[in-house]
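Structure data follow from coords-v3.pdb (PDB, C-alpha atoms):
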ATOM      1  CA  MET A   9     117.194  87.304 123.728
ATOM      2  CA  THR A  10     113.865  86.027 122.500
ATOM      3  CA  SER A  11     113.528  82.632 120.888
ATOM      4  CA  SER A  12     112.133  82.389 117.398
ATOM      5  CA  ILE A  13     110.181  79.156 117.888
ATOM      6  CA  PRO A  14     109.060  78.733 121.506
ATOM      7  CA  ALA A  15     106.682  76.163 122.907
ATOM      8  CA  VAL A  16     103.962  77.964 124.828
ATOM      9  CA  THR A  17     100.397  77.240 125.773
ATOM     10  CA  THR A  18      97.427  78.814 124.044
ATOM     11  CA  ALA A  19      97.520  82.535 124.722
ATOM     12  CA  ARG A  20      94.554  84.743 125.553
ATOM     13  CA  ALA A  21      94.350  88.494 125.999
ATOM     14  CA  GLU A  22      92.098  88.611 129.032
ATOM     15  CA  GLY A  23      88.681  90.192 128.583
ATOM     16  CA  SER A  24      88.793  90.182 124.802
ATOM     17  CA  ALA A  25      88.624  87.973 121.726
ATOM     18  CA  LEU A  26      92.108  89.300 120.926
ATOM     19  CA  GLN A  27      94.695  86.551 121.469
ATOM     20  CA  ALA A  28      97.938  88.149 120.265
ATOM     21  CA  VAL A  29      99.491  91.200 118.636
ATOM     22  CA  LEU A  30     102.085  90.618 115.911
ATOM     23  CA  LEU A  31     104.278  93.621 115.157
ATOM     24  CA  ASP A  32     106.516  94.383 112.198
ATOM     25  CA  MET A  33     109.829  96.046 113.042
ATOM     26  CA  ASP A  34     111.418  98.272 110.373
ATOM     27  CA  GLY A  35     109.300 101.334 109.656
ATOM     28  CA  THR A  36     106.586 100.199 112.079
ATOM     29  CA  LEU A  37     108.216 100.200 115.513
ATOM     30  CA  VAL A  38     111.604 101.658 114.637
ATOM     31  CA  ASP A  39     112.604 104.288 112.114
ATOM     32  CA  THR A  40     115.201 102.196 110.264
ATOM     33  CA  GLU A  41     114.121 102.455 106.624
ATOM     34  CA  GLY A  42     116.530 105.346 106.111
ATOM     35  CA  PHE A  43     119.352 103.254 107.563
ATOM     36  CA  TRP A  44     118.610 100.446 105.079
ATOM     37  CA  TRP A  45     118.710 102.838 102.138
ATOM     38  CA  LYS A  46     121.917 104.401 103.422
ATOM     39  CA  ALA A  47     123.500 100.937 103.771
ATOM     40  CA  GLU A  48     122.460  99.943 100.260
ATOM     41  CA  SER A  49     123.551 103.259  98.778
ATOM     42  CA  GLU A  50     126.968 103.158 100.457
ATOM     43  CA  VAL A  51     127.666  99.555  99.437
ATOM     44  CA  PHE A  52     126.708 100.166  95.810
ATOM     45  CA  ALA A  53     128.642 103.457  95.723
ATOM     46  CA  GLU A  54     131.772 101.625  96.859
ATOM     47  CA  LEU A  55     131.182  99.236  93.949
ATOM     48  CA  GLY A  56     130.957 102.153  91.535
ATOM     49  CA  HIS A  57     127.188 102.512  91.226
ATOM     50  CA  ILE A  58     125.144 105.495  92.419
ATOM     51  CA  LEU A  59     121.569 104.542  93.373
ATOM     52  CA  GLU A  60     118.955 107.012  92.188
ATOM     53  CA  GLU A  61     116.253 108.049  94.663
ATOM     54  CA  GLU A  62     113.546 106.551  92.430
ATOM     55  CA  HIS A  63     114.742 103.063  93.342
ATOM     56  CA  ARG A  64     114.189 103.714  97.034
ATOM     57  CA  GLN A  65     110.427 103.598  96.536
ATOM     58  CA  ILE A  66     110.732 100.206  94.845
ATOM     59  CA  VAL A  67     112.931  98.455  97.408
ATOM     60  CA  ILE A  68     111.302  99.954 100.514
ATOM     61  CA  GLY A  69     109.655  97.426 102.772
ATOM     62  CA  GLY A  70     110.430  94.416 100.625
ATOM     63  CA  PRO A  71     112.407  91.311 101.535
ATOM     64  CA  MET A  72     116.124  91.656 100.915
ATOM     65  CA  THR A  73     116.058  89.121  98.087
ATOM     66  CA  ARG A  74     113.619  91.233  96.091
ATOM     67  CA  SER A  75     115.307  94.529  96.910
ATOM     68  CA  VAL A  76     118.839  93.402  96.119
ATOM     69  CA  ASN A  77     117.801  91.564  92.957
ATOM     70  CA  HIS A  78     116.176  94.783  91.724
ATOM     71  CA  LEU A  79     119.313  96.790  92.456
ATOM     72  CA  ILE A  80     121.459  94.187  90.693
ATOM     73  CA  ASP A  81     119.210  94.438  87.635
ATOM     74  CA  VAL A  82     119.312  98.239  87.448
ATOM     75  CA  THR A  83     123.046  98.625  88.144
ATOM     76  CA  GLY A  84     124.497  95.522  86.538
ATOM     77  CA  VAL A  85     126.842  95.097  89.508
ATOM     78  CA  GLN A  86     128.974  91.956  89.196
ATOM     79  CA  LEU A  87     128.225  90.395  92.585
ATOM     80  CA  THR A  88     125.748  87.713  93.581
ATOM     81  CA  LEU A  89     122.631  88.192  95.681
ATOM     82  CA  SER A  90     124.308  86.344  98.544
ATOM     83  CA  GLU A  91     127.478  88.429  98.394
ATOM     84  CA  LEU A  92     125.595  91.726  98.314
ATOM     85  CA  SER A  93     123.239  90.679 101.100
ATOM     86  CA  VAL A  94     126.198  90.005 103.374
ATOM     87  CA  LEU A  95     127.741  93.405 102.594
ATOM     88  CA  ILE A  96     124.476  95.324 103.080
ATOM     89  CA  ASN A  97     123.554  93.533 106.297
ATOM     90  CA  LYS A  98     127.029  94.189 107.690
ATOM     91  CA  ARG A  99     126.849  97.900 106.826
ATOM     92  CA  PHE A 100     123.319  98.193 108.234
ATOM     93  CA  ALA A 101     124.391  96.523 111.481
ATOM     94  CA  GLU A 102     127.228  99.047 111.793
ATOM     95  CA  LEU A 103     124.824 101.956 111.254
ATOM     96  CA  ILE A 104     122.335 100.818 113.926
ATOM     97  CA  SER A 105     124.872  99.550 116.452
ATOM     98  CA  HIS A 106     124.427 102.598 118.660
ATOM     99  CA  GLY A 107     120.640 102.399 118.744
ATOM    100  CA  VAL A 108     117.695 103.268 116.544
ATOM    101  CA  PRO A 109     114.885 105.813 116.995
ATOM    102  CA  LEU A 110     111.415 104.469 117.767
ATOM    103  CA  MET A 111     108.407 105.508 115.712
ATOM    104  CA  PRO A 112     105.926 107.874 117.408
ATOM    105  CA  GLY A 113     103.657 105.927 119.754
ATOM    106  CA  ALA A 114     105.740 102.736 119.659
ATOM    107  CA  ARG A 115     107.085 102.891 123.224
ATOM    108  CA  ARG A 116     103.653 103.663 124.666
ATOM    109  CA  LEU A 117     102.016 100.812 122.756
ATOM    110  CA  LEU A 118     104.648  98.267 123.808
ATOM    111  CA  THR A 119     104.360  99.391 127.427
ATOM    112  CA  GLU A 120     100.575  99.048 127.361
ATOM    113  CA  LEU A 121     100.646  95.583 125.786
ATOM    114  CA  ALA A 122     103.202  94.412 128.341
ATOM    115  CA  ALA A 123     101.263  95.894 131.249
ATOM    116  CA  HIS A 124      98.144  93.957 130.193
ATOM    117  CA  GLU A 125     100.154  90.795 129.452
ATOM    118  CA  VAL A 126      98.999  90.644 125.838
ATOM    119  CA  PRO A 127     101.079  88.012 123.976
ATOM    120  CA  THR A 128     103.205  89.981 121.543
ATOM    121  CA  ALA A 129     105.594  88.925 118.781
ATOM    122  CA  LEU A 130     108.091  90.814 116.664
ATOM    123  CA  VAL A 131     107.859  89.622 113.044
ATOM    124  CA  SER A 132     110.420  90.976 110.594
ATOM    125  CA  ALA A 133     111.940  90.238 107.206
ATOM    126  CA  SER A 134     115.266  91.336 108.672
ATOM    127  CA  HIS A 135     117.837  88.698 109.605
ATOM    128  CA  ARG A 136     118.212  87.379 113.153
ATOM    129  CA  HIS A 137     121.373  89.312 114.023
ATOM    130  CA  ILE A 138     119.669  92.543 112.929
ATOM    131  CA  ILE A 139     116.574  91.826 115.027
ATOM    132  CA  ASP A 140     118.696  91.065 118.074
ATOM    133  CA  THR A 141     120.492  94.393 117.655
ATOM    134  CA  VAL A 142     117.244  96.362 117.316
ATOM    135  CA  LEU A 143     115.724  94.536 120.296
ATOM    136  CA  ARG A 144     118.223  96.360 122.481
ATOM    137  CA  SER A 145     116.364  99.569 121.599
ATOM    138  CA  LEU A 146     112.858  98.065 121.734
ATOM    139  CA  GLY A 147     113.323  96.008 124.883
ATOM    140  CA  PRO A 148     113.370  92.222 124.422
ATOM    141  CA  GLU A 149     111.176  91.857 127.503
ATOM    142  CA  ASN A 150     108.283  93.318 125.476
ATOM    143  CA  PHE A 151     108.104  90.276 123.182
ATOM    144  CA  ALA A 152     107.283  86.646 123.896
ATOM    145  CA  LEU A 153     109.057  85.683 120.673
ATOM    146  CA  SER A 154     110.482  87.054 117.462
ATOM    147  CA  VAL A 155     110.563  85.698 113.912
ATOM    148  CA  ALA A 156     113.357  86.670 111.518
ATOM    149  CA  GLY A 157     113.371  86.621 107.747
ATOM    150  CA  ASP A 158     116.233  84.139 107.587
ATOM    151  CA  GLU A 159     114.346  81.675 109.809
ATOM    152  CA  VAL A 160     111.478  80.955 107.422
ATOM    153  CA  GLU A 161     111.568  79.367 103.988
ATOM    154  CA  HIS A 162     109.247  82.017 102.570
ATOM    155  CA  THR A 163     109.328  85.494 104.087
ATOM    156  CA  LYS A 164     106.885  88.369 103.532
ATOM    157  CA  PRO A 165     104.640  88.745 101.490
ATOM    158  CA  HIS A 166     104.075  85.032 102.131
ATOM    159  CA  PRO A 167     102.003  84.206 105.244
ATOM    160  CA  ASP A 168     104.687  81.974 106.804
ATOM    161  CA  PRO A 169     106.221  84.515 109.240
ATOM    162  CA  TYR A 170     102.881  85.460 110.786
ATOM    163  CA  LEU A 171     101.609  81.877 110.840
ATOM    164  CA  LEU A 172     104.785  80.860 112.676
ATOM    165  CA  ALA A 173     104.393  83.693 115.176
ATOM    166  CA  ALA A 174     100.736  82.887 115.859
ATOM    167  CA  ALA A 175     101.537  79.200 116.296
ATOM    168  CA  GLY A 176     104.408  80.033 118.648
ATOM    169  CA  LEU A 177     102.005  82.014 120.822
ATOM    170  CA  GLY A 178      99.320  79.329 120.630
ATOM    171  CA  ALA A 179      96.970  81.830 119.017
ATOM    172  CA  ASP A 180      94.377  81.569 116.267
ATOM    173  CA  PRO A 181      95.569  83.834 113.399
ATOM    174  CA  ALA A 182      92.001  85.097 112.985
ATOM    175  CA  ARG A 183      92.201  86.425 116.552
ATOM    176  CA  CYS A 184      95.557  88.126 116.047
ATOM    177  CA  VAL A 185      96.165  91.691 114.929
ATOM    178  CA  VAL A 186      99.141  92.417 112.708
ATOM    179  CA  VAL A 187     100.598  95.940 112.592
ATOM    180  CA  GLU A 188     102.571  96.742 109.426
ATOM    181  CA  ASP A 189     103.864  99.746 107.492
ATOM    182  CA  THR A 190     104.265  98.381 103.943
ATOM    183  CA  ALA A 191     102.099  96.700 101.331
ATOM    184  CA  THR A 192     104.407  93.669 101.443
ATOM    185  CA  GLY A 193     103.885  93.232 105.167
ATOM    186  CA  VAL A 194     100.168  93.885 104.948
ATOM    187  CA  ALA A 195      99.869  91.179 102.279
ATOM    188  CA  SER A 196     101.709  88.751 104.576
ATOM    189  CA  GLY A 197      99.428  89.418 107.533
ATOM    190  CA  GLU A 198      96.286  89.179 105.456
ATOM    191  CA  ALA A 199      97.443  85.959 103.786
ATOM    192  CA  ALA A 200      97.903  84.491 107.269
ATOM    193  CA  GLY A 201      94.285  85.316 108.072
ATOM    194  CA  CYS A 202      95.003  88.028 110.630
ATOM    195  CA  ARG A 203      93.318  91.376 111.126
ATOM    196  CA  VAL A 204      95.745  94.012 109.842
ATOM    197  CA  VAL A 205      96.428  97.587 110.890
ATOM    198  CA  ALA A 206      98.449  99.454 108.279
ATOM    199  CA  VAL A 207     100.569 102.388 109.434
ATOM    200  CA  PRO A 208     102.148 103.602 106.162
ATOM    201  CA  SER A 209     105.662 104.962 106.632
ATOM    202  CA  LEU A 210     107.101 106.104 103.287
ATOM    203  CA  VAL A 211     104.775 104.518 100.720
ATOM    204  CA  PRO A 212     100.943 104.815 100.776
ATOM    205  CA  ILE A 213      98.870 101.674 101.354
ATOM    206  CA  ALA A 214      95.565 101.281  99.527
ATOM    207  CA  PRO A 215      92.380 100.486 101.473
ATOM    208  CA  GLY A 216      91.213  96.876 101.404
ATOM    209  CA  PRO A 217      88.658  94.523 102.986
ATOM    210  CA  GLY A 218      89.412  93.829 106.638
ATOM    211  CA  ARG A 219      92.272  96.339 106.564
ATOM    212  CA  THR A 220      92.453  99.329 108.888
ATOM    213  CA  ILE A 221      94.714 102.248 107.958
ATOM    214  CA  VAL A 222      95.922 104.776 110.530
ATOM    215  CA  GLY A 223      98.261 107.733 110.417
ATOM    216  CA  SER A 224     100.641 106.610 113.167
ATOM    217  CA  LEU A 225     100.962 104.290 116.135
ATOM    218  CA  GLU A 226      99.741 107.154 118.282
ATOM    219  CA  GLU A 227      96.266 106.186 117.074
ATOM    220  CA  VAL A 228      96.724 102.564 118.171
ATOM    221  CA  ASP A 229      96.071 101.286 121.693
ATOM    222  CA  LEU A 230      94.877  98.042 123.262
ATOM    223  CA  ALA A 231      91.204  99.021 123.207
ATOM    224  CA  PHE A 232      91.481  99.770 119.489
ATOM    225  CA  LEU A 233      93.203  96.460 118.741
ATOM    226  CA  ARG A 234      90.640  94.517 120.746
ATOM    227  CA  SER A 235      87.792  96.236 118.916
ATOM    228  CA  LEU A 236      89.093  95.057 115.554
ATOM    229  CA  VAL A 237      88.946  91.393 116.550
ATOM    230  CA  THR A 238      85.708  91.708 118.473
ATOM    231  CA  ALA A 239      83.998  93.318 115.469
ATOM    232  CA  ALA A 240      85.200  90.513 113.227
ATOM    233  CA  HIS A 241      83.794  87.815 115.526
TER     234      HIS A 241
END

Would you mind giving the structure from this file in structure tokens?
Amino acid sequence: MTSSIPAVTTARAEGSALQAVLLDMDGTLVDTEGFWWKAESEVFAELGHILEEEHRQIVIGGPMTRSVNHLIDVTGVQLTLSELSVLINKRFAELISHGVPLMPGARRLLTELAAHEVPTALVSASHRHIIDTVLRSLGPENFALSVAGDEVEHTKPHPDPYLLAAAGLGADPARCVVVEDTATGVASGEAAGCRVVAVPSLVPIAPGPGRTIVGSLEEVDLAFLRSLVTAAH
């Protein structure tokens, strides 16, 4: 199991200005967004509230606090944020307990980064017990560390998760590449000062300065990631 806050020496990806790759989890490496919606829908249905599909586009990719608060507002359910979060996390954990599908290109990218000993971190708004479950599908050996949403005071879109990951790897954020699938995650990576590759999953991401948008992880390899940092420096 990877540690969230390790003490390591300054990391370098040999032969490149790239020092580390920081990867989002849900919707980027693993196809879990549907599982989250199913967990939320089932929990609210059991409480007597049917979630309309239109709300899925609002809660997708956001931190649980924002997503659940929105669903509380639109349904009027008489439970607290904390109570609902526990129920949804428990249901989600049950749904993914037998494994989760990887996004196209994810396995190849992780294998390449590991083969070239590129320092790599998993950075997610999901809670620690969820990350540890998903790591069984991703391979914990592919990550030097992981950062969970319940381990930082301010999760995405704040820069804290990516700043913590870069610091844990001894890397300069400006020489890290973040790979994300949502606007919330992209905002977090950019606020941390990292180069960002956006791989939109369910919701489009608008172009922006210093932001690279691709269709899938199949377009992303080590040479591509290195080129982004080299061009910026």

Just say which residues the PyMOL selection byres ((chain A and resi 114-119) around 7) picks in this file, as a ChimeraX atom specification. /A:37,110-113,120-123,150,225,229

Top pick for closest residue to Ala25 in chain A, considering A:Ser75, A:Thr220, A:Thr128, A:Thr238 and counting all atoms listed in the file: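 That would be A:Thr238, the residue with the smallest distance to Ala25 in chain A.
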
Could you tell me, as a PyMOL selection string, exactly which residues end up selected when the PyMOL selection byres ((chain A and resi 163-169) around 9) is applied to this structure? chain A and resi 70-71+131-133+155-162+170-174+191-201

How big is the axis-aligned box around all listed atoms of range 89-98 of chain A once 8 Å goes on each side, and where's its centre, in Å to one decimal, as AutoDock Vina command-line options?
--center_x 125.2 --center_y 90.8 --center_z 101.7 --size_x 21.1 --size_y 25.0 --size_z 28.0

Selection under test: the PyMOL selection byres ((chain A and resi 230-234) around 9); residues as a list in words: Ala21, Ser24, Ala25, Leu26, Gln27, Val29, Leu117, Glu120, Leu121, His124, Val126, Val185, Val205, Glu227, Val228, Asp229, Ser235, Leu236, Val237, Thr238 and Ala239 of chain A

Identify which of the residues A:Thr83, A:Ser134, A:Ser145, A:Thr73 lies closest to Val108 in chain A, counting all atoms listed in the file when measuring atom-to-atom distances.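 Among A:Thr83, A:Ser134, A:Ser145, A:Thr73, it is A:Ser145 that comes nearest to Val108 in chain A.
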
In terms of the shortest atom-to-atom distance over all atoms listed in the file, which of A:Ile80, A:Thr40, A:Leu153, A:Val85 is closest to Gly56 in chain A?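 Result for the nearest residue to Gly56 in chain A: A:Val85.
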
When you count all atoms listed in the file, which of these residues is closest to Ile104 in chain A: A:Pro212, A:Gly42, A:Pro127, A:Gly176? A:Gly42

Between CA of Ala182 in chain A and CA of Glu41 in chain A, what is the distance in Å, rounded to a tenth? 28.8 Å

Tell me which of A:Ala240, A:Ser49, A:Val142, A:Val82 sits closest to Arg183 in chain A, counting all atoms listed in the file. A:Ala240

What gap, in Å, lies between CA of Leu95 in chain A and CA of Leu55 in chain A? 11.0 Å

Compile the contact shell of Val204 in chain A as a list in words: residues with an atom at most 6 Å away, counting only C-alpha atoms, same-chain residues fewer than 5 positions apart removed. Val185, Val186, Val187 and Arg219 of chain A

Would you compute the distance between CA of Val51 in chain A and CA of Asn77 in chain A? Give it in Å to one decimal. 14.3 Å

In terms of the shortest atom-to-atom distance over all atoms listed in the file, which of A:Ser93, A:Ser224, A:Ser105, A:Ser154 is closest to Glu48 in chain A?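 With all atoms listed in the file as the atom set, the closest residue is A:Ser93.
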
Spatial neighbours of Leu210 in chain A, max dist 10 Å, only C-alpha atoms, sep filter under 3 positions, as a ChimeraX atom specification: /A:35,41-42,64-65,68-69,189-190,207,213
